[in-house]
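Notes for the one structure printed next.
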2 protein chains.
Amino acid sequence: MKELSTKQSRILSFLHQFLDNKGYPPTIRDIVKGCKISSTSVVEYNLRALEQEGHIRRDREVSRGIELSGGRRIVRVPIIGSIAAGEPIPVPTSDTWGLEAMESLELTEELTRGKKEVYALKVKGTSMVDALINDGDLVLMQQVATAENGDMVAVWLKREKEATLKRFYLEPGRVRLQPDNEEMKPIYVDPEDVEIQGKVIGVIRKVE
Amino acid sequence: MKELSTKQSRILSFLHQFLDNKGYPPTIRDIVKGCKISSTSVVEYNLRALEQEGHIRRDREVSRGIELSGGRRIVRVPIIGSIAAGEPIPVPTSDTWGLEAMESLELTEELTRGKKEVYALKVKGTSMVDALINDGDLVLMQQVATAENGDMVAVWLKREKEATLKRFYLEPGRVRLQPDNEEMKPIYVDPEDVEIQGKVIGVIRKVE
DNA sequence: CCCCCTTTCGAACGCTTGTTCTAATAACGT
DNA sequence: ACGTTATTAGAACAAGCGTTCGAAAGGGGG
């Protein structure tokens, strides 16, 4: 990994600026004007170097075919429903995924940590306070079939007809569900009674 | 604000998909192929409608000159320190802002809601549990001098030498600090004792 | 000074792409 | 059925745009 020449870093910052400003990448001739370079082939030359170093990705023969490398990705996370104490937890199906009309949340990959099959649930009611989750909070979920010990999961307790968010520990003959709050006591349930609906990977609270 | 035709919403979602995928907007002919439309002028026609409705912004005569409206902007929020019970709350100064080496958080404007002067604090310890905030949580803050009743604020209690996050209510002769948790009781303090350090606009918890 | 490498220059070629125009077709209320 | 408006077709134009190429200009190191 070499370091960039002054011209290359000027081009790179111009790319960021242009993209932030206009919403689409510049043409080579835009870069010529923006960076006060004299010829398109000079830009082509340095662009090739920037691509080599991995700072950008180019689609050849395509106008404005420049993509900035680096996790500036935005992920659209669907809010597929709400989670409340007395109602079953909605689980994503093929139907619910593609739907465009659905409410959604725009996040960076920093929050989803690159995981796929991420969705969100809106918390209704204050029944999850022992997991430090409030009414109106958004819970980021990853669709999983099984959980490992220590995972924060969304479970449906069949007998109690309750949805809850707790840390999952499989112990001999029973399941311990530990609230994410040191002051609260865990609850113990029959393994047959728990239905794991997803893994919690984050909580987002918008205040006010 | 009319509603979109099926073709228009299909174009719109194709725009999102293409942009997420490639990092730059599609050409009109890309849309023709991607949405199985028969002619470029049909796309032009519907694009014009989408622009009219404010869903996109176009730069005429410019290839791929389509920008999606709506806050797909990414904001870099600096994590300027941590907040704990026994330590003062760090307040952003001109020094702390521009620093590049600092740890930071990449968020969409959906979370910061377009506000400026937003920073983040990492919560150390479990002293904020009564505000439903856990050890390790990130608190999104907006720098403000004064607070209004009902605002969720970060305050420094001079006498107790404690930092805490509560809802702020100025009452006759005293300040009521109400935890964001119905099960907890408020605390009352002398107005002289409170120092408002910022307004909480969000909480982010990464689980596991 | 000479050799080798990097960088710059300017022009030209040819595909790409937004736009426009005319005509045709569908949708729809009266 | 009629007229009006919305939508679609297809083609063609002109400017936009990435690419290429040969040559020239630096720029160290021996």
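Each chain of the structure tokens is named A, B, ... in the order shown, its residues numbered from 1; ligands are numbered from 1 in display order.
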Checklist line | DSSP strand (DSSP E) residues within range 18-192 of chain A, listed as a VMD selection string | finding: chain A and resid 56 to 58 66 to 68 74 to 83 104 to 108 118 to 123 138 to 142 152 to 157 162 to 171 174 to 178 187 to 189
Next item on the list: Could you superimpose chain A onto chain B using all C-alpha atoms, paired one by one in order, and tell me the resulting RMSD in Å?
Entry: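 That comparison of chain B with chain A gives 2.3 Å.
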Margin query: Residues near DG18 in chain C, anyone? I mean within 9 Å using only C-alpha atoms (C1' of nucleotides), not counting same-chain ones fewer than 2 positions away, as number ranges by chain.
Written below: B: 27-28, 44, 60-63; D: 15-16
Restricted to N, CA, C and O atoms (P, O5', C5', C4', C3', O3' and C1' of nucleotides), what would the selected residues look like written as an mmCIF file, in the first residue's frame?
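Below is the file result_39.cif, written as the result:
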data_model
loop_
_atom_site.group_PDB
_atom_site.id
_atom_site.type_symbol
_atom_site.label_atom_id
_atom_site.label_comp_id
_atom_site.auth_asym_id
_atom_site.auth_seq_id
_atom_site.Cartn_x
_atom_site.Cartn_y
_atom_site.Cartn_z
ATOM 1 N N THR B 27 -28.419 5.018 -15.908
ATOM 2 C CA THR B 27 -28.822 5.846 -17.033
ATOM 3 C C THR B 27 -30.281 5.552 -17.351
ATOM 4 O O THR B 27 -30.860 4.592 -16.847
ATOM 5 N N ILE B 28 -30.842 6.382 -18.212
ATOM 6 C CA ILE B 28 -32.221 6.130 -18.600
ATOM 7 C C ILE B 28 -32.351 4.764 -19.264
ATOM 8 O O ILE B 28 -33.301 4.027 -19.033
ATOM 9 N N GLU B 44 -38.290 8.779 -19.440
ATOM 10 C CA GLU B 44 -38.234 10.244 -19.343
ATOM 11 C C GLU B 44 -39.547 10.801 -18.812
ATOM 12 O O GLU B 44 -39.560 11.653 -17.921
ATOM 13 N N ARG B 60 -30.412 18.266 -15.448
ATOM 14 C CA ARG B 60 -30.676 18.099 -16.864
ATOM 15 C C ARG B 60 -29.389 18.068 -17.657
ATOM 16 O O ARG B 60 -28.401 18.697 -17.286
ATOM 17 N N GLU B 61 -29.453 17.370 -18.753
ATOM 18 C CA GLU B 61 -28.335 17.323 -19.691
ATOM 19 C C GLU B 61 -27.110 16.634 -19.086
ATOM 20 O O GLU B 61 -26.022 16.737 -19.626
ATOM 21 N N VAL B 62 -27.302 15.987 -17.980
ATOM 22 C CA VAL B 62 -26.174 15.346 -17.306
ATOM 23 C C VAL B 62 -26.432 13.847 -17.211
ATOM 24 O O VAL B 62 -27.493 13.434 -16.745
ATOM 25 N N SER B 63 -25.466 13.075 -17.677
ATOM 26 C CA SER B 63 -25.652 11.628 -17.628
ATOM 27 C C SER B 63 -25.749 11.143 -16.183
ATOM 28 O O SER B 63 -24.980 11.580 -15.336
ATOM 29 P P DA D 15 -24.368 20.142 -30.249
ATOM 30 O "O5'" DA D 15 -23.953 19.930 -28.723
ATOM 31 C "C5'" DA D 15 -24.989 19.819 -27.751
ATOM 32 C "C4'" DA D 15 -24.623 18.751 -26.739
ATOM 33 C "C3'" DA D 15 -23.207 18.890 -26.165
ATOM 34 O "O3'" DA D 15 -23.310 18.917 -24.760
ATOM 35 C "C1'" DA D 15 -23.616 16.668 -26.883
ATOM 36 P P DG D 16 -22.028 18.902 -23.865
ATOM 37 O "O5'" DG D 16 -22.018 17.376 -23.417
ATOM 38 C "C5'" DG D 16 -23.202 16.817 -22.872
ATOM 39 C "C4'" DG D 16 -22.905 15.435 -22.328
ATOM 40 C "C3'" DG D 16 -21.656 15.345 -21.456
ATOM 41 O "O3'" DG D 16 -21.921 14.437 -20.398
ATOM 42 C "C1'" DG D 16 -21.424 13.885 -23.299
#
At most 10 Å is the cut-off: for each residue in chain A with any atom that close to an atom of chain C, write down the nearest atom pair and the distance in Å rounded to one decimal, counting only C-alpha atoms (C1' of nucleotides), chain first then increasing number, as JSON lines.
{"residue": "A:Ile37", "atom": "CA", "partner": "C:DT8", "partner_atom": "C1'", "distance": 9.7}
{"residue": "A:Ser38", "atom": "CA", "partner": "C:DC9", "partner_atom": "C1'", "distance": 7.8}
{"residue": "A:Ser39", "atom": "CA", "partner": "C:DC9", "partner_atom": "C1'", "distance": 6.7}
{"residue": "A:Thr40", "atom": "CA", "partner": "C:DC9", "partner_atom": "C1'", "distance": 9.4}
{"residue": "A:Ser41", "atom": "CA", "partner": "C:DC9", "partner_atom": "C1'", "distance": 8.2}
{"residue": "A:Val42", "atom": "CA", "partner": "C:DT8", "partner_atom": "C1'", "distance": 6.5}
{"residue": "A:Tyr45", "atom": "CA", "partner": "C:DT7", "partner_atom": "C1'", "distance": 8.5}
{"residue": "A:Asn46", "atom": "CA", "partner": "C:DT7", "partner_atom": "C1'", "distance": 9.4}
{"residue": "A:Glu61", "atom": "CA", "partner": "C:DC15", "partner_atom": "C1'", "distance": 8.7}
{"residue": "A:Val62", "atom": "CA", "partner": "C:DT16", "partner_atom": "C1'", "distance": 8.1}
{"residue": "A:Ser63", "atom": "CA", "partner": "C:DT16", "partner_atom": "C1'", "distance": 7.7}
Pull N, CA and C atoms from the residues just selected and write them as a CSV table (one decimal), in the first residue's frame.
chain,number,residue,atom,x,y,z
A,37,ILE,N,-6.9,20.2,-13.5
A,37,ILE,CA,-5.9,19.4,-14.2
A,37,ILE,C,-6.1,19.7,-15.7
A,38,SER,N,-5.0,19.5,-16.4
A,38,SER,CA,-5.0,20.0,-17.8
A,38,SER,C,-5.6,19.0,-18.8
A,39,SER,N,-5.6,17.7,-18.5
A,39,SER,CA,-6.1,16.8,-19.6
A,39,SER,C,-6.8,15.6,-19.0
A,40,THR,N,-7.7,15.1,-19.8
A,40,THR,CA,-8.5,13.9,-19.3
A,40,THR,C,-7.6,12.7,-19.0
A,41,SER,N,-6.5,12.6,-19.8
A,41,SER,CA,-5.7,11.4,-19.7
A,41,SER,C,-4.9,11.4,-18.4
A,42,VAL,N,-4.7,12.6,-17.9
A,42,VAL,CA,-4.0,12.7,-16.5
A,42,VAL,C,-4.9,12.2,-15.5
A,45,TYR,N,-5.1,8.5,-15.8
A,45,TYR,CA,-3.8,7.9,-15.2
A,45,TYR,C,-3.9,7.8,-13.7
A,46,ASN,N,-4.3,8.9,-13.0
A,46,ASN,CA,-4.3,8.9,-11.6
A,46,ASN,C,-5.5,8.0,-11.0
A,61,GLU,N,-15.8,1.7,-19.1
A,61,GLU,CA,-16.7,2.1,-20.3
A,61,GLU,C,-18.1,2.6,-19.8
A,62,VAL,N,-18.2,3.0,-18.6
A,62,VAL,CA,-19.4,3.4,-18.0
A,62,VAL,C,-19.3,4.9,-17.5
A,63,SER,N,-20.1,5.8,-18.0
A,63,SER,CA,-20.0,7.1,-17.6
A,63,SER,C,-20.2,7.3,-16.1
Note to self: Could you work out which residues of chain D fall inside 9 Å of chain B? Count only C-alpha atoms (C1' of nucleotides), and format the result as a PyMOL selection string.
What the structure shows: chain D and resi 7-10+15-17
Keeping all heavy atoms, export the residues of the selection given above as a compact mmCIF listing (two decimals), in the first residue's frame.
# COMPACT_ATOMS: atom_id res chain seq x y z
P DT D 7 -50.17 9.25 -16.78
OP1 DT D 7 -50.26 8.37 -15.60
OP2 DT D 7 -49.36 10.48 -16.73
O5' DT D 7 -49.66 8.35 -17.99
C5' DT D 7 -50.39 7.16 -18.30
C4' DT D 7 -49.88 6.55 -19.59
O4' DT D 7 -50.11 7.44 -20.70
C3' DT D 7 -48.38 6.25 -19.63
O3' DT D 7 -48.20 4.84 -19.66
C2' DT D 7 -47.88 6.95 -20.89
C1' DT D 7 -49.17 7.12 -21.68
N1 DT D 7 -49.16 8.23 -22.68
C2 DT D 7 -49.23 7.92 -24.01
O2 DT D 7 -49.30 6.78 -24.43
N3 DT D 7 -49.21 9.00 -24.86
C4 DT D 7 -49.14 10.33 -24.50
O4 DT D 7 -49.12 11.21 -25.35
C5 DT D 7 -49.08 10.59 -23.09
C7 DT D 7 -48.99 12.00 -22.58
C6 DT D 7 -49.09 9.54 -22.24
P DT D 8 -46.71 4.26 -19.71
OP1 DT D 8 -46.72 2.94 -19.04
OP2 DT D 8 -45.77 5.31 -19.30
O5' DT D 8 -46.51 4.01 -21.27
C5' DT D 8 -47.48 3.24 -21.97
C4' DT D 8 -47.12 3.17 -23.44
O4' DT D 8 -47.29 4.47 -24.04
C3' DT D 8 -45.67 2.74 -23.76
O3' DT D 8 -45.70 1.63 -24.64
C2' DT D 8 -45.06 3.99 -24.39
C1' DT D 8 -46.29 4.64 -25.00
N1 DT D 8 -46.16 6.09 -25.26
C2 DT D 8 -46.30 6.57 -26.55
O2 DT D 8 -46.51 5.84 -27.51
N3 DT D 8 -46.18 7.93 -26.68
C4 DT D 8 -45.94 8.85 -25.66
O4 DT D 8 -45.85 10.05 -25.89
C5 DT D 8 -45.81 8.27 -24.34
C7 DT D 8 -45.55 9.18 -23.18
C6 DT D 8 -45.93 6.95 -24.20
P DA D 9 -44.37 0.75 -24.85
OP1 DA D 9 -44.75 -0.65 -24.78
OP2 DA D 9 -43.31 1.28 -23.96
O5' DA D 9 -43.97 1.10 -26.33
C5' DA D 9 -44.70 2.08 -27.04
C4' DA D 9 -44.39 1.96 -28.50
O4' DA D 9 -44.59 3.27 -29.07
C3' DA D 9 -42.95 1.56 -28.81
O3' DA D 9 -42.89 0.75 -29.97
C2' DA D 9 -42.24 2.89 -29.00
C1' DA D 9 -43.34 3.85 -29.41
N9 DA D 9 -43.25 5.12 -28.67
C8 DA D 9 -43.15 5.29 -27.32
N7 DA D 9 -43.08 6.55 -26.93
C5 DA D 9 -43.14 7.25 -28.12
C6 DA D 9 -43.12 8.63 -28.40
N6 DA D 9 -43.01 9.57 -27.45
N1 DA D 9 -43.20 9.01 -29.69
C2 DA D 9 -43.32 8.07 -30.64
N3 DA D 9 -43.35 6.74 -30.49
C4 DA D 9 -43.25 6.40 -29.20
P DG D 10 -41.54 -0.07 -30.26
OP1 DG D 10 -41.89 -1.30 -30.99
OP2 DG D 10 -40.77 -0.14 -29.01
O5' DG D 10 -40.76 0.89 -31.27
C5' DG D 10 -41.45 1.46 -32.37
C4' DG D 10 -40.63 2.58 -32.97
O4' DG D 10 -40.78 3.78 -32.18
C3' DG D 10 -39.12 2.28 -33.03
O3' DG D 10 -38.69 2.42 -34.36
C2' DG D 10 -38.50 3.31 -32.10
C1' DG D 10 -39.53 4.44 -32.14
N9 DG D 10 -39.53 5.30 -30.96
C8 DG D 10 -39.39 4.92 -29.66
N7 DG D 10 -39.42 5.92 -28.81
C5 DG D 10 -39.60 7.04 -29.61
C6 DG D 10 -39.71 8.41 -29.27
O6 DG D 10 -39.68 8.92 -28.16
N1 DG D 10 -39.89 9.21 -30.40
C2 DG D 10 -39.95 8.74 -31.69
N2 DG D 10 -40.13 9.66 -32.64
N3 DG D 10 -39.83 7.47 -32.02
C4 DG D 10 -39.67 6.67 -30.94
P DA D 15 -24.37 20.14 -30.25
OP1 DA D 15 -24.71 21.57 -30.43
OP2 DA D 15 -23.34 19.49 -31.09
O5' DA D 15 -23.95 19.93 -28.72
C5' DA D 15 -24.99 19.82 -27.75
C4' DA D 15 -24.62 18.75 -26.74
O4' DA D 15 -24.68 17.45 -27.36
C3' DA D 15 -23.21 18.89 -26.17
O3' DA D 15 -23.31 18.92 -24.76
C2' DA D 15 -22.47 17.66 -26.70
C1' DA D 15 -23.62 16.67 -26.88
N9 DA D 15 -23.35 15.64 -27.88
C8 DA D 15 -22.97 15.83 -29.18
N7 DA D 15 -22.81 14.70 -29.84
C5 DA D 15 -23.11 13.72 -28.91
C6 DA D 15 -23.14 12.31 -28.99
N6 DA D 15 -22.84 11.63 -30.10
N1 DA D 15 -23.49 11.62 -27.88
C2 DA D 15 -23.78 12.32 -26.77
N3 DA D 15 -23.79 13.64 -26.57
C4 DA D 15 -23.44 14.28 -27.70
P DG D 16 -22.03 18.90 -23.87
OP1 DG D 16 -22.35 19.72 -22.68
OP2 DG D 16 -20.82 19.16 -24.66
O5' DG D 16 -22.02 17.38 -23.42
C5' DG D 16 -23.20 16.82 -22.87
C4' DG D 16 -22.91 15.44 -22.33
O4' DG D 16 -22.69 14.51 -23.42
C3' DG D 16 -21.66 15.35 -21.46
O3' DG D 16 -21.92 14.44 -20.40
C2' DG D 16 -20.59 14.79 -22.41
C1' DG D 16 -21.42 13.88 -23.30
N9 DG D 16 -20.92 13.71 -24.65
C8 DG D 16 -20.59 14.70 -25.54
N7 DG D 16 -20.18 14.23 -26.69
C5 DG D 16 -20.25 12.85 -26.55
C6 DG D 16 -19.94 11.82 -27.48
O6 DG D 16 -19.52 11.93 -28.63
N1 DG D 16 -20.15 10.56 -26.92
C2 DG D 16 -20.61 10.33 -25.65
N2 DG D 16 -20.76 9.05 -25.30
N3 DG D 16 -20.91 11.29 -24.79
C4 DG D 16 -20.71 12.52 -25.30
P DC D 17 -20.97 14.36 -19.19
OP1 DC D 17 -21.78 13.88 -18.08
OP2 DC D 17 -20.20 15.60 -19.11
O5' DC D 17 -19.99 13.18 -19.62
C5' DC D 17 -20.56 11.89 -19.86
C4' DC D 17 -19.52 10.96 -20.40
O4' DC D 17 -19.30 11.22 -21.79
C3' DC D 17 -18.14 11.08 -19.73
O3' DC D 17 -17.91 9.93 -18.95
C2' DC D 17 -17.15 11.18 -20.90
C1' DC D 17 -18.00 10.79 -22.11
N1 DC D 17 -17.60 11.46 -23.38
C2 DC D 17 -17.32 10.68 -24.50
O2 DC D 17 -17.39 9.46 -24.43
N3 DC D 17 -16.97 11.30 -25.65
C4 DC D 17 -16.90 12.63 -25.69
N4 DC D 17 -16.57 13.20 -26.85
C5 DC D 17 -17.19 13.45 -24.56
C6 DC D 17 -17.53 12.82 -23.43
Kindly provide the residues of chain A that approach chain B to within 6 Å, each paired with its closest atom pair and their distance in Å to one decimal, based on only C-alpha atoms, listed by chain and increasing number, as JSON lines.
{"residue": "A:Gly23", "atom": "CA", "partner": "B:Glu67", "partner_atom": "CA", "distance": 5.1}
{"residue": "A:Tyr24", "atom": "CA", "partner": "B:Tyr24", "partner_atom": "CA", "distance": 5.5}
{"residue": "A:Glu67", "atom": "CA", "partner": "B:Gly23", "partner_atom": "CA", "distance": 5.1}
{"residue": "A:Leu107", "atom": "CA", "partner": "B:Thr108", "partner_atom": "CA", "distance": 5.9}
{"residue": "A:Thr108", "atom": "CA", "partner": "B:Leu107", "partner_atom": "CA", "distance": 5.9}
{"residue": "A:Leu132", "atom": "CA", "partner": "B:Leu132", "partner_atom": "CA", "distance": 4.6}
{"residue": "A:Ile201", "atom": "CA", "partner": "B:Val207", "partner_atom": "CA", "distance": 4.8}
{"residue": "A:Gly202", "atom": "CA", "partner": "B:Lys206", "partner_atom": "CA", "distance": 4.4}
{"residue": "A:Val203", "atom": "CA", "partner": "B:Arg205", "partner_atom": "CA", "distance": 4.9}
{"residue": "A:Ile204", "atom": "CA", "partner": "B:Ile204", "partner_atom": "CA", "distance": 4.8}
{"residue": "A:Arg205", "atom": "CA", "partner": "B:Val203", "partner_atom": "CA", "distance": 4.9}
{"residue": "A:Lys206", "atom": "CA", "partner": "B:Gly202", "partner_atom": "CA", "distance": 4.5}
{"residue": "A:Val207", "atom": "CA", "partner": "B:Ile201", "partner_atom": "CA", "distance": 4.8}
Note to self: DSSP on the backbone: which residues in range 2-206 of chain A end up as alpha helix (DSSP H)? Give the answer as number ranges by chain.
What the structure shows: A: 6-22, 28-34, 40-52, 94-98, 109-112
Could you take the residues named above and write them with N, CA and C atoms, as a short mmCIF file (atom, residue, chain, number, x, y, z; two decimals), in the first residue's frame?
data_model
loop_
_atom_site.label_atom_id
_atom_site.label_comp_id
_atom_site.auth_asym_id
_atom_site.auth_seq_id
_atom_site.Cartn_x
_atom_site.Cartn_y
_atom_site.Cartn_z
N THR A 6 0.04 14.08 -4.07
CA THR A 6 -0.83 15.19 -3.70
C THR A 6 -1.99 15.29 -4.68
N LYS A 7 -1.73 15.02 -5.94
CA LYS A 7 -2.78 15.10 -6.95
C LYS A 7 -3.83 14.03 -6.73
N GLN A 8 -3.35 12.85 -6.34
CA GLN A 8 -4.30 11.76 -6.13
C GLN A 8 -5.21 12.02 -4.94
N SER A 9 -4.65 12.53 -3.86
CA SER A 9 -5.51 12.79 -2.70
C SER A 9 -6.44 13.96 -2.97
N ARG A 10 -6.01 14.86 -3.84
CA ARG A 10 -6.91 15.96 -4.19
C ARG A 10 -8.07 15.44 -5.02
N ILE A 11 -7.79 14.52 -5.91
CA ILE A 11 -8.86 13.90 -6.68
C ILE A 11 -9.81 13.14 -5.77
N LEU A 12 -9.24 12.43 -4.81
CA LEU A 12 -10.06 11.61 -3.92
C LEU A 12 -11.00 12.48 -3.10
N SER A 13 -10.49 13.57 -2.58
CA SER A 13 -11.36 14.42 -1.76
C SER A 13 -12.38 15.14 -2.64
N PHE A 14 -12.00 15.40 -3.89
CA PHE A 14 -12.98 15.98 -4.81
C PHE A 14 -14.11 15.00 -5.09
N LEU A 15 -13.76 13.74 -5.19
CA LEU A 15 -14.79 12.71 -5.39
C LEU A 15 -15.78 12.71 -4.24
N HIS A 16 -15.25 12.71 -3.01
CA HIS A 16 -16.14 12.75 -1.85
C HIS A 16 -17.04 13.97 -1.89
N GLN A 17 -16.42 15.11 -2.15
CA GLN A 17 -17.16 16.36 -2.12
C GLN A 17 -18.26 16.37 -3.19
N PHE A 18 -17.89 15.94 -4.39
CA PHE A 18 -18.84 15.93 -5.49
C PHE A 18 -20.01 15.01 -5.19
N LEU A 19 -19.68 13.86 -4.66
CA LEU A 19 -20.71 12.85 -4.39
C LEU A 19 -21.65 13.32 -3.29
N ASP A 20 -21.09 13.88 -2.23
CA ASP A 20 -21.92 14.42 -1.16
C ASP A 20 -22.83 15.51 -1.70
N ASN A 21 -22.27 16.29 -2.61
CA ASN A 21 -22.97 17.48 -3.07
C ASN A 21 -24.06 17.16 -4.08
N LYS A 22 -23.73 16.32 -5.03
CA LYS A 22 -24.66 16.10 -6.14
C LYS A 22 -25.41 14.78 -6.04
N ILE A 28 -14.97 12.24 -15.78
CA ILE A 28 -13.54 12.54 -15.82
C ILE A 28 -13.32 14.03 -16.09
N ARG A 29 -14.15 14.57 -16.98
CA ARG A 29 -13.98 15.99 -17.31
C ARG A 29 -14.42 16.90 -16.17
N ASP A 30 -15.36 16.42 -15.33
CA ASP A 30 -15.68 17.17 -14.11
C ASP A 30 -14.45 17.26 -13.22
N ILE A 31 -13.74 16.15 -13.12
CA ILE A 31 -12.55 16.12 -12.27
C ILE A 31 -11.48 17.05 -12.83
N VAL A 32 -11.37 17.07 -14.16
CA VAL A 32 -10.42 17.97 -14.79
C VAL A 32 -10.67 19.41 -14.35
N LYS A 33 -11.94 19.82 -14.43
CA LYS A 33 -12.26 21.19 -14.03
C LYS A 33 -12.09 21.38 -12.52
N GLY A 34 -12.64 20.42 -11.76
CA GLY A 34 -12.66 20.58 -10.31
C GLY A 34 -11.29 20.57 -9.67
N THR A 40 -7.71 15.08 -19.77
CA THR A 40 -8.48 13.94 -19.28
C THR A 40 -7.59 12.73 -19.04
N SER A 41 -6.55 12.62 -19.81
CA SER A 41 -5.73 11.43 -19.67
C SER A 41 -4.92 11.43 -18.37
N VAL A 42 -4.66 12.63 -17.85
CA VAL A 42 -3.99 12.71 -16.55
C VAL A 42 -4.91 12.15 -15.47
N VAL A 43 -6.17 12.51 -15.58
CA VAL A 43 -7.14 11.99 -14.61
C VAL A 43 -7.24 10.47 -14.76
N GLU A 44 -7.37 10.04 -15.99
CA GLU A 44 -7.42 8.60 -16.25
C GLU A 44 -6.23 7.90 -15.61
N TYR A 45 -5.08 8.50 -15.77
CA TYR A 45 -3.85 7.94 -15.22
C TYR A 45 -3.92 7.80 -13.70
N ASN A 46 -4.29 8.87 -13.04
CA ASN A 46 -4.34 8.85 -11.57
C ASN A 46 -5.50 8.03 -11.04
N LEU A 47 -6.59 8.02 -11.80
CA LEU A 47 -7.73 7.20 -11.40
C LEU A 47 -7.33 5.73 -11.39
N ARG A 48 -6.54 5.38 -12.38
CA ARG A 48 -6.07 4.01 -12.46
C ARG A 48 -5.22 3.66 -11.23
N ALA A 49 -4.43 4.62 -10.81
CA ALA A 49 -3.60 4.40 -9.63
C ALA A 49 -4.47 4.26 -8.38
N LEU A 50 -5.46 5.12 -8.26
CA LEU A 50 -6.35 5.07 -7.09
C LEU A 50 -7.11 3.74 -7.03
N GLU A 51 -7.44 3.24 -8.22
CA GLU A 51 -8.15 1.96 -8.25
C GLU A 51 -7.21 0.85 -7.80
N GLN A 52 -5.98 0.93 -8.27
CA GLN A 52 -4.97 -0.06 -7.91
C GLN A 52 -4.80 -0.14 -6.39
N SER A 94 -41.08 -14.34 2.94
CA SER A 94 -40.75 -13.84 1.61
C SER A 94 -41.70 -12.71 1.21
N ASP A 95 -42.92 -12.78 1.74
CA ASP A 95 -43.89 -11.73 1.43
C ASP A 95 -43.43 -10.39 1.96
N THR A 96 -43.05 -10.40 3.23
CA THR A 96 -42.80 -9.14 3.91
C THR A 96 -41.51 -8.48 3.46
N TRP A 97 -40.61 -9.24 2.82
CA TRP A 97 -39.30 -8.66 2.54
C TRP A 97 -39.34 -7.60 1.45
N GLY A 98 -39.77 -8.01 0.25
CA GLY A 98 -39.61 -7.10 -0.87
C GLY A 98 -40.50 -5.87 -0.83
N GLU A 109 -23.86 0.47 7.49
CA GLU A 109 -23.47 -0.90 7.80
C GLU A 109 -22.76 -1.00 9.14
N GLU A 110 -22.37 0.16 9.68
CA GLU A 110 -21.75 0.14 11.00
C GLU A 110 -22.71 -0.42 12.04
N LEU A 111 -23.99 -0.14 11.87
CA LEU A 111 -24.98 -0.63 12.83
C LEU A 111 -25.38 -2.08 12.55
N THR A 112 -25.55 -2.42 11.30
CA THR A 112 -25.96 -3.79 10.99
C THR A 112 -24.76 -4.72 10.94
#
Next item on the list: Between B:Val91, B:Pro179, B:Ala163, B:Leu157, single out the one closest to Pro191 in chain B, counting only C-alpha atoms.
Entry: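 Of B:Val91, B:Pro179, B:Ala163, B:Leu157, the one nearest Pro191 in chain B, counting only C-alpha atoms, is B:Leu157.
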